[in-house]
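Single-structure report; data block below.
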Amino acid sequence: MDATTAVRPATDSPSLITTVALAAMAGGLGWGIRGQYGHETGAMIAGLLVSLTLVLLHCPGGISLRLARAVAWGTIGVAFGGSMTYGQTVGLTHDAALVGNWEALRWGMIGLSLKGALWIGGCGLFLGMGLSGKKYRAIDWAWIMAGMIGLALVGMRVLNEPFDPVAKVLPKIYFSADWRFLPEADLKPRPEVWGGMLLALLGAVLYVGVARGDKLALRLALFAML
């Protein structure tokens with residue numbers, strides 16, 4: 001198998017239901033373990049277990065080194081999402097003080113959908129890059145990483161600022177603890193970085209899927225975001 005040949009799935013691959021069920025259990029186990037570590041390191045545990053499950057189910061005849069590289073890339077793709085805060089976003093949907101506040105529930109669910117799409121979209125993109133057969137050299141990875149970091153800084157500056165909780169000044173689009181839902185509460189809002197993740201992921205998807213023509217990575221990224 002040369003560098004331009006994609007890893008082919010097995011002809012007797014398990015059903016979609018089996019794949020989803022096993023991947024969900026692997027991800028659930030990883031997320032439970034994640035609670036002991038947190039942030040990017042913890043997120044990698046779930047990414048590793050899900051990537052391993054998908055590769056073992058659908059690429060049993062692939063080259064071991066290539067499959068291991070794909071799993072490693074998928075794991076790194078999940079790690080990026082660990083920089084996002086989401087506990088307070090979950091809180092908007094069911095904190096005791098907000099029960100019955102449909103606006104807070106709606107806003108919290110929108111935030112979780114956005115952050116979840118960005119988080120898992122990175123895993124899908126990187127896993128697809130590892131399985132597609134497209135050759136990515138070290139210099140290619142350097143440009144991808146530099147581009148994503150640059151776009152992340154721009155995205156955070158544009159979408160996640162201003163942030164001055166002492167003066168109760170928050171970004172216009174903000175999905176964590178917010179005084180508009182609890183005006184008199186003693187809140188401790190956390191800084192968000194989803195804007196940076198959004199621009200970084202969009203830039204990487206456009207480069208990999210369009211400029212490099214990596215269709216598998218593009219499809220997996222879009223399905224993962226969904």
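Ordering of the structure tokens sets the chain letters (A, B, ...), residue numbers begin anew at 1 in every chain, and ligands are numbered from 1 in the order given.
Excluding Ala117 of chain A itself and any same-chain residue fewer than 4 positions from it, the protein and nucleic acid residues within 8 Å of it, counting only C-alpha atoms, are Ser113, Gly121, Ala224, Met225 and Leu226 of chain A.
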How would the residues just chosen look if you wrote them out with N, CA and C atoms as a PDB file, in the first residue's frame?
```
ATOM      1  N   SER A 113     -24.292  22.698  21.620  1.00  0.00           N
ATOM      2  CA  SER A 113     -24.246  22.206  20.240  1.00  0.00           C
ATOM      3  C   SER A 113     -23.030  22.762  19.508  1.00  0.00           C
ATOM      4  N   GLY A 121     -15.501  17.771  15.884  1.00  0.00           N
ATOM      5  CA  GLY A 121     -15.112  18.018  14.501  1.00  0.00           C
ATOM      6  C   GLY A 121     -13.615  17.931  14.309  1.00  0.00           C
ATOM      7  N   ALA A 224     -18.580  14.405  12.050  1.00  0.00           N
ATOM      8  CA  ALA A 224     -18.247  14.557  13.469  1.00  0.00           C
ATOM      9  C   ALA A 224     -18.885  15.810  14.044  1.00  0.00           C
ATOM     10  N   MET A 225     -18.876  16.892  13.275  1.00  0.00           N
ATOM     11  CA  MET A 225     -19.505  18.124  13.751  1.00  0.00           C
ATOM     12  C   MET A 225     -21.007  17.931  13.903  1.00  0.00           C
ATOM     13  N   LEU A 226     -21.604  17.192  12.980  1.00  0.00           N
ATOM     14  CA  LEU A 226     -23.039  16.906  13.074  1.00  0.00           C
ATOM     15  C   LEU A 226     -23.355  16.090  14.314  1.00  0.00           C
TER      16      LEU A 226
END
```
Next on the checklist: Just to confirm, what's the straight-line distance from atom CA of Leu218 of chain A to atom CA of Gly128 of chain A in Å (one decimal)?
Outcome noted: 7.4 Å
Checklist entry - Out of segment 90-147 of chain A, which residues get helix (DSSP H, G or I) from DSSP, as a PyMOL selection string? => result chain A and resi 90-94+96-98+102-131+138-147
Checklist entry - Near Leu206 of chain A, within 12 Å and counting only C-alpha atoms, which residues show up once chain neighbours fewer than 5 positions away are dropped, as a PyMOL selection string? => result chain A and resi 125+144+147-148+199-201+211-215+217-219+221-222
Checklist entry - Using only C-alpha atoms, which residues sit within 12 Å of Gly87 of chain A once same-chain residues fewer than 4 positions away are excluded, as a ChimeraX atom specification? => result /A:35,38-39,82,91-95,108,111-112,115,175-177,189-192
Selection near Met129 of chain A, 9 Å with only C-alpha atoms, sequence-local residues under 2 positions removed, as a PDB file with N, CA, C and O atoms, in the first residue's frame:
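Saved to selection.pdb:
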```pdb
ATOM      1  N   ALA A  70      -3.065   7.179  12.601  1.00  0.00           N
ATOM      2  CA  ALA A  70      -4.399   7.751  12.481  1.00  0.00           C
ATOM      3  C   ALA A  70      -5.052   7.905  13.851  1.00  0.00           C
ATOM      4  O   ALA A  70      -5.690   8.922  14.145  1.00  0.00           O
ATOM      5  N   TRP A  73      -3.492  10.835  15.614  1.00  0.00           N
ATOM      6  CA  TRP A  73      -3.982  12.110  15.100  1.00  0.00           C
ATOM      7  C   TRP A  73      -5.394  12.392  15.593  1.00  0.00           C
ATOM      8  O   TRP A  73      -5.732  13.522  15.940  1.00  0.00           O
ATOM      9  N   GLY A  74      -6.244  11.356  15.608  1.00  0.00           N
ATOM     10  CA  GLY A  74      -7.597  11.543  16.122  1.00  0.00           C
ATOM     11  C   GLY A  74      -7.596  11.949  17.586  1.00  0.00           C
ATOM     12  O   GLY A  74      -8.388  12.787  18.019  1.00  0.00           O
ATOM     13  N   GLY A 124     -12.694  14.257  14.048  1.00  0.00           N
ATOM     14  CA  GLY A 124     -13.051  13.692  12.755  1.00  0.00           C
ATOM     15  C   GLY A 124     -12.093  14.111  11.662  1.00  0.00           C
ATOM     16  O   GLY A 124     -11.683  13.301  10.819  1.00  0.00           O
ATOM     17  N   LEU A 125     -11.707  15.387  11.674  1.00  0.00           N
ATOM     18  CA  LEU A 125     -10.785  15.882  10.657  1.00  0.00           C
ATOM     19  C   LEU A 125      -9.437  15.182  10.737  1.00  0.00           C
ATOM     20  O   LEU A 125      -8.930  14.669   9.736  1.00  0.00           O
ATOM     21  N   PHE A 126      -8.870  15.129  11.918  1.00  0.00           N
ATOM     22  CA  PHE A 126      -7.530  14.559  12.060  1.00  0.00           C
ATOM     23  C   PHE A 126      -7.537  13.039  11.851  1.00  0.00           C
ATOM     24  O   PHE A 126      -6.606  12.480  11.267  1.00  0.00           O
ATOM     25  N   LEU A 127      -8.581  12.355  12.338  1.00  0.00           N
ATOM     26  CA  LEU A 127      -8.681  10.916  12.111  1.00  0.00           C
ATOM     27  C   LEU A 127      -8.797  10.634  10.617  1.00  0.00           C
ATOM     28  O   LEU A 127      -8.171   9.704  10.096  1.00  0.00           O
ATOM     29  N   LEU A 131      -6.424   8.347   7.922  1.00  0.00           N
ATOM     30  CA  LEU A 131      -6.945   7.173   7.218  1.00  0.00           C
ATOM     31  C   LEU A 131      -7.061   7.357   5.711  1.00  0.00           C
ATOM     32  O   LEU A 131      -7.237   6.389   4.978  1.00  0.00           O
ATOM     33  N   SER A 132      -6.984   8.577   5.229  1.00  0.00           N
ATOM     34  CA  SER A 132      -7.292   8.839   3.818  1.00  0.00           C
ATOM     35  C   SER A 132      -6.205   8.389   2.854  1.00  0.00           C
ATOM     36  O   SER A 132      -6.476   8.155   1.682  1.00  0.00           O
ATOM     37  N   GLY A 133      -4.974   8.280   3.308  1.00  0.00           N
ATOM     38  CA  GLY A 133      -3.889   7.927   2.406  1.00  0.00           C
ATOM     39  C   GLY A 133      -3.161   9.128   1.838  1.00  0.00           C
ATOM     40  O   GLY A 133      -2.139   8.975   1.168  1.00  0.00           O
ATOM     41  N   LYS A 134      -3.686  10.334   2.073  1.00  0.00           N
ATOM     42  CA  LYS A 134      -2.979  11.535   1.640  1.00  0.00           C
ATOM     43  C   LYS A 134      -1.695  11.674   2.464  1.00  0.00           C
ATOM     44  O   LYS A 134      -1.675  11.394   3.656  1.00  0.00           O
ATOM     45  N   LYS A 135      -0.633  12.106   1.806  1.00  0.00           N
ATOM     46  CA  LYS A 135       0.644  12.233   2.492  1.00  0.00           C
ATOM     47  C   LYS A 135       0.796  13.630   3.058  1.00  0.00           C
ATOM     48  O   LYS A 135       0.739  14.619   2.331  1.00  0.00           O
ATOM     49  N   TYR A 136       0.987  13.702   4.386  1.00  0.00           N
ATOM     50  CA  TYR A 136       1.217  14.970   5.052  1.00  0.00           C
ATOM     51  C   TYR A 136       2.628  14.958   5.633  1.00  0.00           C
ATOM     52  O   TYR A 136       2.935  14.177   6.543  1.00  0.00           O
ATOM     53  N   VAL A 208      -7.462  21.329   4.317  1.00  0.00           N
ATOM     54  CA  VAL A 208      -7.327  19.884   4.126  1.00  0.00           C
ATOM     55  C   VAL A 208      -8.342  19.358   3.110  1.00  0.00           C
ATOM     56  O   VAL A 208      -7.997  18.594   2.205  1.00  0.00           O
ATOM     57  N   ASP A 214      -8.576  16.309   0.343  1.00  0.00           N
ATOM     58  CA  ASP A 214      -8.715  15.134   1.206  1.00  0.00           C
ATOM     59  C   ASP A 214     -10.195  14.951   1.533  1.00  0.00           C
ATOM     60  O   ASP A 214     -10.702  15.451   2.537  1.00  0.00           O
ATOM     61  N   LEU A 216     -11.960  12.254   2.407  1.00  0.00           N
ATOM     62  CA  LEU A 216     -12.312  11.473   3.586  1.00  0.00           C
ATOM     63  C   LEU A 216     -12.223  12.334   4.840  1.00  0.00           C
ATOM     64  O   LEU A 216     -13.121  12.306   5.693  1.00  0.00           O
ATOM     65  N   ALA A 217     -11.157  13.102   4.972  1.00  0.00           N
ATOM     66  CA  ALA A 217     -11.018  13.984   6.130  1.00  0.00           C
ATOM     67  C   ALA A 217     -12.145  15.004   6.173  1.00  0.00           C
ATOM     68  O   ALA A 217     -12.683  15.306   7.246  1.00  0.00           O
ATOM     69  N   LEU A 218     -12.519  15.538   5.012  1.00  0.00           N
ATOM     70  CA  LEU A 218     -13.616  16.505   4.949  1.00  0.00           C
ATOM     71  C   LEU A 218     -14.923  15.870   5.407  1.00  0.00           C
ATOM     72  O   LEU A 218     -15.661  16.451   6.223  1.00  0.00           O
TER      73      LEU A 218
END
```
Checklist entry - Given the choices A:Val90, A:Ile45, A:Val166, A:Ala23, which gets closest to Leu187 of chain A if the distance is worked out from only C-alpha atoms? => result A:Val166
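Each of A:Ala97, A:Leu54, A:Val71, A:Leu22 was compared to Glu184 of chain A using only C-alpha atoms, and A:Ala97 turns out to be the nearest.
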Checklist outcome for this item: Met145 of chain A proximity check over A:Gly42, A:Gly30, A:Gly77, A:Gly61, using only C-alpha atoms: winner is A:Gly77
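By only C-alpha atoms, and with residues fewer than 2 positions from Arg157 of chain A along its chain excluded, the set lying at most 12 Å from it is Gly150, Leu151, Ala152, Leu153, Val154, Gly155, Leu159, Asn160, Glu161, Pro162, Phe163, Pro171, Pro191, Glu192, Val193, Trp194, Gly195, Gly196, Met197 and Leu199 of chain A.
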Checklist entry - Looking at only C-alpha atoms, which of A:Ala104, A:Ile120, A:Val99, A:Ala21 is the one that sits closest to Leu198 of chain A? => result A:Ile120
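Distance check against Asp164 of chain A using only C-alpha atoms: of A:Phe80, A:Lys188, A:Gly203, A:Trp143, the minimum falls on A:Lys188.
Between atom CA of Trp179 of chain A and atom CA of Trp102 of chain A lies a distance of 15.4 Å.
Candidate residues A:Arg34, A:Gly130, A:Asn101, A:Val20 were compared for distance to Ser64 of chain A, and the nearest is A:Gly130, using only C-alpha atoms.
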